[in-house]
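Coordinates as given in protein19.pdb (PDB, C-alpha atoms):
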ATOM      1  CA  MET A   1      80.044  53.651  41.171
ATOM      2  CA  GLY A   2      77.441  54.511  43.818
ATOM      3  CA  ILE A   3      74.908  52.351  45.538
ATOM      4  CA  LEU A   4      71.298  52.040  44.402
ATOM      5  CA  THR A   5      71.985  53.815  41.124
ATOM      6  CA  GLY A   6      70.170  53.411  37.841
ATOM      7  CA  ASP A   7      66.450  53.138  37.280
ATOM      8  CA  PRO A   8      64.715  53.481  40.675
ATOM      9  CA  LYS A   9      61.932  51.143  39.556
ATOM     10  CA  GLU A  10      64.538  48.379  39.269
ATOM     11  CA  GLN A  11      65.669  48.908  42.868
ATOM     12  CA  PRO A  12      64.139  46.911  45.713
ATOM     13  CA  LEU A  13      61.868  48.575  48.232
ATOM     14  CA  HIS A  14      63.113  48.490  51.803
ATOM     15  CA  TYR A  15      60.808  47.536  54.653
ATOM     16  CA  GLY A  16      60.236  51.155  55.706
ATOM     17  CA  GLU A  17      59.039  52.102  52.230
ATOM     18  CA  VAL A  18      56.747  49.076  52.087
ATOM     19  CA  PHE A  19      55.271  49.767  55.520
ATOM     20  CA  GLY A  20      54.908  53.494  54.801
ATOM     21  CA  MET A  21      53.107  52.934  51.509
ATOM     22  CA  TRP A  22      50.962  50.076  52.838
ATOM     23  CA  SER A  23      49.915  52.078  55.917
ATOM     24  CA  TYR A  24      49.227  55.200  53.869
ATOM     25  CA  LEU A  25      47.084  53.141  51.477
ATOM     26  CA  ALA A  26      45.133  51.550  54.343
ATOM     27  CA  VAL A  27      44.276  54.980  55.763
ATOM     28  CA  ALA A  28      43.456  56.344  52.296
ATOM     29  CA  LYS A  29      41.002  53.499  51.693
ATOM     30  CA  GLY A  30      39.311  54.258  55.008
ATOM     31  CA  ASN A  31      39.122  57.962  54.180
ATOM     32  CA  TYR A  32      37.677  57.127  50.760
ATOM     33  CA  THR A  33      34.616  55.379  52.197
ATOM     34  CA  ARG A  34      34.295  57.885  55.050
ATOM     35  CA  TYR A  35      34.249  60.793  52.580
ATOM     36  CA  GLN A  36      31.598  58.982  50.548
ATOM     37  CA  THR A  37      29.530  58.835  53.737
ATOM     38  CA  PHE A  38      30.262  62.501  54.453
ATOM     39  CA  MET A  39      28.934  63.335  50.963
ATOM     40  CA  ASN A  40      25.555  62.019  52.127
ATOM     41  CA  HIS A  41      25.669  64.218  55.225
ATOM     42  CA  ALA A  42      27.071  67.441  53.761
ATOM     43  CA  GLY A  43      24.602  70.159  52.897
ATOM     44  CA  ASP A  44      27.005  72.902  51.827
ATOM     45  CA  LYS A  45      27.774  72.885  48.088
ATOM     46  CA  GLU A  46      31.369  74.052  48.520
ATOM     47  CA  LEU A  47      32.023  71.369  51.139
ATOM     48  CA  LYS A  48      30.577  68.735  48.793
ATOM     49  CA  LYS A  49      32.871  69.987  46.020
ATOM     50  CA  LEU A  50      35.886  69.703  48.336
ATOM     51  CA  LEU A  51      34.846  66.164  49.294
ATOM     52  CA  GLU A  52      34.479  65.210  45.622
ATOM     53  CA  GLU A  53      37.979  66.534  44.899
ATOM     54  CA  LEU A  54      39.408  64.628  47.858
ATOM     55  CA  ILE A  55      37.696  61.394  46.791
ATOM     56  CA  GLU A  56      39.154  61.751  43.285
ATOM     57  CA  GLY A  57      42.583  62.480  44.768
ATOM     58  CA  ILE A  58      42.399  59.386  46.959
ATOM     59  CA  LYS A  59      41.486  57.265  43.918
ATOM     60  CA  HIS A  60      44.539  58.542  42.042
ATOM     61  CA  GLU A  61      46.890  58.122  45.001
ATOM     62  CA  SER A  62      45.594  54.624  45.726
ATOM     63  CA  GLU A  63      46.071  53.493  42.132
ATOM     64  CA  SER A  64      49.667  54.778  42.109
ATOM     65  CA  ILE A  65      50.567  53.082  45.387
ATOM     66  CA  GLU A  66      48.776  49.843  44.490
ATOM     67  CA  GLU A  67      50.741  49.599  41.249
ATOM     68  CA  ILE A  68      54.080  49.788  43.079
ATOM     69  CA  LEU A  69      53.029  47.382  45.829
ATOM     70  CA  LYS A  70      51.634  44.834  43.359
ATOM     71  CA  THR A  71      54.756  45.051  41.177
ATOM     72  CA  ASN A  72      56.803  44.217  44.266
ATOM     73  CA  GLY A  73      54.597  41.327  45.367
ATOM     74  CA  ILE A  74      53.107  43.079  48.391
ATOM     75  CA  ALA A  75      49.537  42.187  49.403
ATOM     76  CA  LEU A  76      47.213  45.186  49.487
ATOM     77  CA  PRO A  77      45.242  46.282  52.550
ATOM     78  CA  PRO A  78      41.526  45.454  52.461
ATOM     79  CA  SER A  79      39.014  47.886  50.985
ATOM     80  CA  ALA A  80      35.608  48.648  52.417
ATOM     81  CA  PRO A  81      32.655  48.427  50.028
ATOM     82  CA  GLU A  82      31.525  51.543  48.170
ATOM     83  CA  ARG A  83      28.983  53.577  50.107
ATOM     84  CA  SER A  84      25.533  54.090  48.664
ATOM     85  CA  ASN A  85      24.210  57.560  47.947
ATOM     86  CA  ALA A  86      21.556  59.045  50.194
ATOM     87  CA  THR A  87      19.920  62.424  50.418
ATOM     88  CA  LEU A  88      20.407  64.553  53.474
ATOM     89  CA  GLU A  89      16.694  64.259  54.201
ATOM     90  CA  ASP A  90      17.013  60.445  54.391
ATOM     91  CA  ILE A  91      19.278  60.744  57.435
ATOM     92  CA  PRO A  92      17.538  61.453  60.764
ATOM     93  CA  VAL A  93      18.513  64.823  62.205
ATOM     94  CA  GLY A  94      20.078  63.335  65.352
ATOM     95  CA  ALA A  95      22.172  60.918  63.287
ATOM     96  CA  ARG A  96      23.646  63.475  60.872
ATOM     97  CA  PHE A  97      27.137  64.854  60.824
ATOM     98  CA  ASN A  98      26.788  68.597  60.415
ATOM     99  CA  ASP A  99      28.921  70.556  57.956
ATOM    100  CA  PRO A 100      31.331  72.038  60.545
ATOM    101  CA  GLU A 101      31.983  68.514  61.932
ATOM    102  CA  VAL A 102      32.661  67.130  58.462
ATOM    103  CA  SER A 103      34.950  70.019  57.583
ATOM    104  CA  ALA A 104      36.867  69.752  60.859
ATOM    105  CA  GLN A 105      37.463  66.018  60.332
ATOM    106  CA  VAL A 106      38.579  66.561  56.742
ATOM    107  CA  SER A 107      40.965  69.309  57.877
ATOM    108  CA  ALA A 108      42.442  67.036  60.550
ATOM    109  CA  ASP A 109      42.820  64.228  57.989
ATOM    110  CA  LEU A 110      44.662  66.551  55.613
ATOM    111  CA  SER A 111      47.006  67.619  58.394
ATOM    112  CA  LEU A 112      47.774  64.004  59.288
ATOM    113  CA  GLY A 113      48.225  63.195  55.598
ATOM    114  CA  LEU A 114      50.857  65.908  55.239
ATOM    115  CA  VAL A 115      52.849  64.407  58.107
ATOM    116  CA  ALA A 116      52.476  60.877  56.690
ATOM    117  CA  CYS A 117      53.694  61.997  53.255
ATOM    118  CA  SER A 118      56.687  63.743  54.798
ATOM    119  CA  GLN A 119      57.548  60.644  56.810
ATOM    120  CA  VAL A 120      57.498  58.394  53.740
ATOM    121  CA  ILE A 121      59.592  60.907  51.773
ATOM    122  CA  GLY A 122      62.135  61.048  54.601
ATOM    123  CA  GLN A 123      62.641  57.300  54.737
ATOM    124  CA  CYS A 124      62.783  56.648  50.990
ATOM    125  CA  THR A 125      65.811  55.400  49.115
ATOM    126  CA  ARG A 126      63.845  55.130  45.882
ATOM    127  CA  GLU A 127      63.510  58.478  44.170
ATOM    128  CA  ASP A 128      60.320  57.501  42.330
ATOM    129  CA  VAL A 129      58.520  56.745  45.602
ATOM    130  CA  ALA A 130      59.837  59.936  47.238
ATOM    131  CA  MET A 131      58.722  62.016  44.242
ATOM    132  CA  MET A 132      55.299  60.373  44.225
ATOM    133  CA  PHE A 133      54.773  61.214  47.893
ATOM    134  CA  GLY A 134      56.128  64.708  47.257
ATOM    135  CA  GLN A 135      53.314  65.147  44.724
ATOM    136  CA  PHE A 136      50.783  63.765  47.203
ATOM    137  CA  HIS A 137      52.117  66.228  49.801
ATOM    138  CA  MET A 138      51.742  69.179  47.454
ATOM    139  CA  ASN A 139      48.181  68.148  46.553
ATOM    140  CA  LYS A 140      47.273  67.769  50.237
ATOM    141  CA  ALA A 141      48.746  71.180  51.070
ATOM    142  CA  GLN A 142      46.599  72.757  48.350
ATOM    143  CA  ALA A 143      43.490  70.918  49.576
ATOM    144  CA  ALA A 144      44.265  71.978  53.160
ATOM    145  CA  ALA A 145      44.469  75.614  52.031
ATOM    146  CA  LYS A 146      41.044  75.244  50.366
ATOM    147  CA  ALA A 147      39.634  73.686  53.529
ATOM    148  CA  LEU A 148      41.069  76.478  55.686
ATOM    149  CA  ARG A 149      39.597  79.140  53.422
ATOM    150  CA  LEU A 150      36.225  77.349  53.463
ATOM    151  CA  ASN A 151      36.304  77.043  57.271
ATOM    152  CA  LYS A 152      37.043  80.755  57.616
ATOM    153  CA  GLU A 153      34.420  81.874  55.093
ATOM    154  CA  LYS A 154      31.693  79.707  56.644
ATOM    155  CA  GLY A 155      32.578  80.564  60.231
ATOM    156  CA  TRP A 156      33.444  76.935  60.994
ATOM    157  CA  LEU A 157      37.030  77.517  62.119
ATOM    158  CA  VAL A 158      37.499  76.893  65.832
ATOM    159  CA  THR A 159      40.642  78.662  66.967
ATOM    160  CA  PRO A 160      42.648  78.278  70.141
ATOM    161  CA  PRO A 161      42.746  81.367  72.371
ATOM    162  CA  MET A 162      44.233  84.224  70.378
ATOM    163  CA  HIS A 163      47.343  85.913  71.761
ATOM    164  CA  THR A 164      46.543  89.569  71.154
ATOM    165  CA  LYS A 165      48.268  91.334  74.021
ATOM    166  CA  VAL A 166      52.014  91.458  73.676
ATOM    167  CA  PRO A 167      53.904  92.539  76.818
ATOM    168  CA  GLU A 168      56.019  95.659  76.598
ATOM    169  CA  PRO A 169      59.786  95.017  76.448
ATOM    170  CA  VAL A 170      61.519  95.823  79.714
TER     171      VAL A 170
END
Can the structure from this file be put into structure tokens for me?
Amino acid sequence: MGILTGDPKEQPLHYGEVFGMWSYLAVAKGNYTRYQTFMNHAGDKELKKLLEELIEGIKHESESIEEILKTNGIALPPSAPERSNATLEDIPVGARFNDPEVSAQVSADLSLGLVACSQVIGQCTREDVAMMFGQFHMNKAQAAAKALRLNKEKGWLVTPPMHTKVPEPV
């Protein structure tokens, strides 16, 4: 007989899993309200569509994590209030985030999210939690690919210096 066998949902969470899920949820809740704000600032239709998809993904992820934390008696991180809708014209020009700024921040968030998912997966002893974060990771990778394609198509991608000259072998 092995250890921690049987239904994973019957197994206790260890402190690393709790902290990983709680921290991930806290960041997700912050991203949720920030992306709502970005929706008010975004002018590009494709960027708005990406933001809508990310907001829906965060809702789904948050519900899944909250269910596990609540079941295990863990207090949830605080949530910011929903952001109101505004039109782009309502925001003064000097106070607006422009589309390349929004897209760059979203891309950075997706990158950090991939690392966070991998970290939680790596420290899990419960298969259900590891599988859940594996799904989150896959969804983030797909969203990151969409963001990269959008950044390239719109000319928003800022690259480091490109290494184009390869020295001749001696």
Quick one: residues within 12 Å of Ser107 in chain A, all atoms listed in the file counted, chain neighbours fewer than 5 positions away excluded, as a PDB file with C-alpha atoms, keeping the file's coordinate frame?
ATOM      1  CA  LEU A  47      32.023  71.369  51.139  1.00  0.00           C
ATOM      2  CA  LEU A  50      35.886  69.703  48.336  1.00  0.00           C
ATOM      3  CA  LEU A  51      34.846  66.164  49.294  1.00  0.00           C
ATOM      4  CA  LEU A  54      39.408  64.628  47.858  1.00  0.00           C
ATOM      5  CA  PRO A 100      31.331  72.038  60.545  1.00  0.00           C
ATOM      6  CA  GLU A 101      31.983  68.514  61.932  1.00  0.00           C
ATOM      7  CA  VAL A 102      32.661  67.130  58.462  1.00  0.00           C
ATOM      8  CA  LEU A 112      47.774  64.004  59.288  1.00  0.00           C
ATOM      9  CA  GLY A 113      48.225  63.195  55.598  1.00  0.00           C
ATOM     10  CA  LEU A 114      50.857  65.908  55.239  1.00  0.00           C
ATOM     11  CA  LYS A 140      47.273  67.769  50.237  1.00  0.00           C
ATOM     12  CA  ALA A 141      48.746  71.180  51.070  1.00  0.00           C
ATOM     13  CA  GLN A 142      46.599  72.757  48.350  1.00  0.00           C
ATOM     14  CA  ALA A 143      43.490  70.918  49.576  1.00  0.00           C
ATOM     15  CA  ALA A 144      44.265  71.978  53.160  1.00  0.00           C
ATOM     16  CA  ALA A 145      44.469  75.614  52.031  1.00  0.00           C
ATOM     17  CA  LYS A 146      41.044  75.244  50.366  1.00  0.00           C
ATOM     18  CA  ALA A 147      39.634  73.686  53.529  1.00  0.00           C
ATOM     19  CA  LEU A 148      41.069  76.478  55.686  1.00  0.00           C
ATOM     20  CA  ARG A 149      39.597  79.140  53.422  1.00  0.00           C
ATOM     21  CA  LEU A 150      36.225  77.349  53.463  1.00  0.00           C
ATOM     22  CA  ASN A 151      36.304  77.043  57.271  1.00  0.00           C
ATOM     23  CA  TRP A 156      33.444  76.935  60.994  1.00  0.00           C
ATOM     24  CA  LEU A 157      37.030  77.517  62.119  1.00  0.00           C
ATOM     25  CA  VAL A 158      37.499  76.893  65.832  1.00  0.00           C
TER      26      VAL A 158
END
Exercise for review: Kindly indicate which residue among A:Ala26, A:Met132, A:Leu13, A:Val106 lies nearest to Leu69 in chain A, using only C-alpha atoms for the distances.
Suggested key: A:Leu13
Practice item. For the structure shown, which residues end up in the PyMOL selection byres ((chain A and resi 24) around 9)? Put them as a ChimeraX atom specification, please? Key: /A:19-23,25-29,62,65,113,116-117,120
Practice item. Record the distance separating CA of Gly43 in chain A and CA of Pro160 in chain A, expressed in Å with one decimal. Key: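 Calculated distance between CA of Gly43 in chain A and CA of Pro160 in chain A is 26.2 Å.
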Exercise for review: Between A:Gly134, A:Ala42, A:His14, A:Gly30, single out the one closest to Thr87 in chain A, counting only C-alpha atoms.
Suggested key: A:Ala42
Check your understanding: When you draw a straight line from CA of Lys45 in chain A to CA of Ser103 in chain A, how long is it in Å?
Key -> 12.2 Å
Exercise for review: Extract, using only C-alpha atoms, all DNA, RNA and protein residues at most 9 Å from Thr33 in chain A, discarding same-chain residues fewer than 4 positions from it, and format them as a list in words.
Suggested key: Ala28, Lys29, Thr37, Phe38, Ile55, Ser79, Ala80, Pro81, Glu82 and Arg83 of chain A
Rebuild N, CA and C atoms on range 104-138 of chain A, as a PDB file, in the frame of the given file?
ATOM      1  N   ALA A 104      35.806  69.880  59.848  1.00  0.00           N
ATOM      2  CA  ALA A 104      36.867  69.752  60.859  1.00  0.00           C
ATOM      3  C   ALA A 104      37.589  68.416  60.722  1.00  0.00           C
ATOM      4  N   GLN A 105      36.840  67.335  60.490  1.00  0.00           N
ATOM      5  CA  GLN A 105      37.463  66.018  60.332  1.00  0.00           C
ATOM      6  C   GLN A 105      38.319  65.962  59.079  1.00  0.00           C
ATOM      7  N   VAL A 106      37.820  66.536  57.990  1.00  0.00           N
ATOM      8  CA  VAL A 106      38.579  66.561  56.742  1.00  0.00           C
ATOM      9  C   VAL A 106      39.870  67.364  56.936  1.00  0.00           C
ATOM     10  N   SER A 107      39.773  68.481  57.620  1.00  0.00           N
ATOM     11  CA  SER A 107      40.965  69.309  57.877  1.00  0.00           C
ATOM     12  C   SER A 107      41.993  68.550  58.709  1.00  0.00           C
ATOM     13  N   ALA A 108      41.529  67.839  59.721  1.00  0.00           N
ATOM     14  CA  ALA A 108      42.442  67.036  60.550  1.00  0.00           C
ATOM     15  C   ALA A 108      43.078  65.924  59.718  1.00  0.00           C
ATOM     16  N   ASP A 109      42.280  65.284  58.855  1.00  0.00           N
ATOM     17  CA  ASP A 109      42.820  64.228  57.989  1.00  0.00           C
ATOM     18  C   ASP A 109      43.899  64.769  57.057  1.00  0.00           C
ATOM     19  N   LEU A 110      43.668  65.949  56.516  1.00  0.00           N
ATOM     20  CA  LEU A 110      44.662  66.551  55.613  1.00  0.00           C
ATOM     21  C   LEU A 110      45.958  66.848  56.360  1.00  0.00           C
ATOM     22  N   SER A 111      45.824  67.338  57.576  1.00  0.00           N
ATOM     23  CA  SER A 111      47.006  67.619  58.394  1.00  0.00           C
ATOM     24  C   SER A 111      47.809  66.346  58.660  1.00  0.00           C
ATOM     25  N   LEU A 112      47.102  65.282  59.044  1.00  0.00           N
ATOM     26  CA  LEU A 112      47.774  64.004  59.288  1.00  0.00           C
ATOM     27  C   LEU A 112      48.385  63.451  58.007  1.00  0.00           C
ATOM     28  N   GLY A 113      47.709  63.655  56.888  1.00  0.00           N
ATOM     29  CA  GLY A 113      48.225  63.195  55.598  1.00  0.00           C
ATOM     30  C   GLY A 113      49.519  63.894  55.211  1.00  0.00           C
ATOM     31  N   LEU A 114      49.620  65.171  55.528  1.00  0.00           N
ATOM     32  CA  LEU A 114      50.857  65.908  55.239  1.00  0.00           C
ATOM     33  C   LEU A 114      52.033  65.312  56.010  1.00  0.00           C
ATOM     34  N   VAL A 115      51.795  65.005  57.275  1.00  0.00           N
ATOM     35  CA  VAL A 115      52.849  64.407  58.107  1.00  0.00           C
ATOM     36  C   VAL A 115      53.218  63.020  57.580  1.00  0.00           C
ATOM     37  N   ALA A 116      52.213  62.227  57.211  1.00  0.00           N
ATOM     38  CA  ALA A 116      52.476  60.877  56.690  1.00  0.00           C
ATOM     39  C   ALA A 116      53.280  60.933  55.402  1.00  0.00           C
ATOM     40  N   CYS A 117      52.933  61.852  54.507  1.00  0.00           N
ATOM     41  CA  CYS A 117      53.694  61.997  53.255  1.00  0.00           C
ATOM     42  C   CYS A 117      55.145  62.375  53.547  1.00  0.00           C
ATOM     43  N   SER A 118      55.327  63.316  54.444  1.00  0.00           N
ATOM     44  CA  SER A 118      56.687  63.743  54.798  1.00  0.00           C
ATOM     45  C   SER A 118      57.490  62.591  55.383  1.00  0.00           C
ATOM     46  N   GLN A 119      56.856  61.776  56.197  1.00  0.00           N
ATOM     47  CA  GLN A 119      57.548  60.644  56.810  1.00  0.00           C
ATOM     48  C   GLN A 119      57.999  59.651  55.747  1.00  0.00           C
ATOM     49  N   VAL A 120      57.119  59.333  54.807  1.00  0.00           N
ATOM     50  CA  VAL A 120      57.498  58.394  53.740  1.00  0.00           C
ATOM     51  C   VAL A 120      58.628  58.981  52.908  1.00  0.00           C
ATOM     52  N   ILE A 121      58.536  60.258  52.559  1.00  0.00           N
ATOM     53  CA  ILE A 121      59.592  60.907  51.773  1.00  0.00           C
ATOM     54  C   ILE A 121      60.925  60.793  52.504  1.00  0.00           C
ATOM     55  N   GLY A 122      60.910  61.052  53.809  1.00  0.00           N
ATOM     56  CA  GLY A 122      62.135  61.048  54.601  1.00  0.00           C
ATOM     57  C   GLY A 122      62.801  59.692  54.727  1.00  0.00           C
ATOM     58  N   GLN A 123      62.037  58.622  54.584  1.00  0.00           N
ATOM     59  CA  GLN A 123      62.641  57.300  54.737  1.00  0.00           C
ATOM     60  C   GLN A 123      62.920  56.610  53.408  1.00  0.00           C
ATOM     61  N   CYS A 124      62.612  57.280  52.307  1.00  0.00           N
ATOM     62  CA  CYS A 124      62.783  56.648  50.990  1.00  0.00           C
ATOM     63  C   CYS A 124      64.240  56.592  50.543  1.00  0.00           C
ATOM     64  N   THR A 125      64.560  55.478  49.875  1.00  0.00           N
ATOM     65  CA  THR A 125      65.811  55.400  49.115  1.00  0.00           C
ATOM     66  C   THR A 125      65.496  55.380  47.621  1.00  0.00           C
ATOM     67  N   ARG A 126      64.259  55.103  47.284  1.00  0.00           N
ATOM     68  CA  ARG A 126      63.845  55.130  45.882  1.00  0.00           C
ATOM     69  C   ARG A 126      63.280  56.499  45.543  1.00  0.00           C
ATOM     70  N   GLU A 127      63.930  57.134  44.548  1.00  0.00           N
ATOM     71  CA  GLU A 127      63.510  58.478  44.170  1.00  0.00           C
ATOM     72  C   GLU A 127      62.092  58.518  43.632  1.00  0.00           C
ATOM     73  N   ASP A 128      61.665  57.484  42.905  1.00  0.00           N
ATOM     74  CA  ASP A 128      60.320  57.501  42.330  1.00  0.00           C
ATOM     75  C   ASP A 128      59.253  57.514  43.423  1.00  0.00           C
ATOM     76  N   VAL A 129      59.485  56.770  44.495  1.00  0.00           N
ATOM     77  CA  VAL A 129      58.520  56.745  45.602  1.00  0.00           C
ATOM     78  C   VAL A 129      58.544  58.094  46.327  1.00  0.00           C
ATOM     79  N   ALA A 130      59.723  58.635  46.572  1.00  0.00           N
ATOM     80  CA  ALA A 130      59.837  59.936  47.238  1.00  0.00           C
ATOM     81  C   ALA A 130      59.157  61.030  46.412  1.00  0.00           C
ATOM     82  N   MET A 131      59.352  61.011  45.104  1.00  0.00           N
ATOM     83  CA  MET A 131      58.722  62.016  44.242  1.00  0.00           C
ATOM     84  C   MET A 131      57.201  61.858  44.225  1.00  0.00           C
ATOM     85  N   MET A 132      56.732  60.628  44.213  1.00  0.00           N
ATOM     86  CA  MET A 132      55.299  60.373  44.225  1.00  0.00           C
ATOM     87  C   MET A 132      54.673  60.951  45.501  1.00  0.00           C
ATOM     88  N   PHE A 133      55.308  60.694  46.640  1.00  0.00           N
ATOM     89  CA  PHE A 133      54.773  61.214  47.893  1.00  0.00           C
ATOM     90  C   PHE A 133      54.975  62.723  48.009  1.00  0.00           C
ATOM     91  N   GLY A 134      55.973  63.255  47.332  1.00  0.00           N
ATOM     92  CA  GLY A 134      56.128  64.708  47.257  1.00  0.00           C
ATOM     93  C   GLY A 134      54.947  65.336  46.522  1.00  0.00           C
ATOM     94  N   GLN A 135      54.495  64.681  45.460  1.00  0.00           N
ATOM     95  CA  GLN A 135      53.314  65.147  44.724  1.00  0.00           C
ATOM     96  C   GLN A 135      52.065  65.043  45.592  1.00  0.00           C
ATOM     97  N   PHE A 136      51.924  63.918  46.297  1.00  0.00           N
ATOM     98  CA  PHE A 136      50.783  63.765  47.203  1.00  0.00           C
ATOM     99  C   PHE A 136      50.785  64.888  48.247  1.00  0.00           C
ATOM    100  N   HIS A 137      51.973  65.191  48.771  1.00  0.00           N
ATOM    101  CA  HIS A 137      52.117  66.228  49.801  1.00  0.00           C
ATOM    102  C   HIS A 137      51.667  67.581  49.258  1.00  0.00           C
ATOM    103  N   MET A 138      52.110  67.902  48.055  1.00  0.00           N
ATOM    104  CA  MET A 138      51.742  69.179  47.454  1.00  0.00           C
ATOM    105  C   MET A 138      50.222  69.258  47.244  1.00  0.00           C
TER     106      MET A 138
END
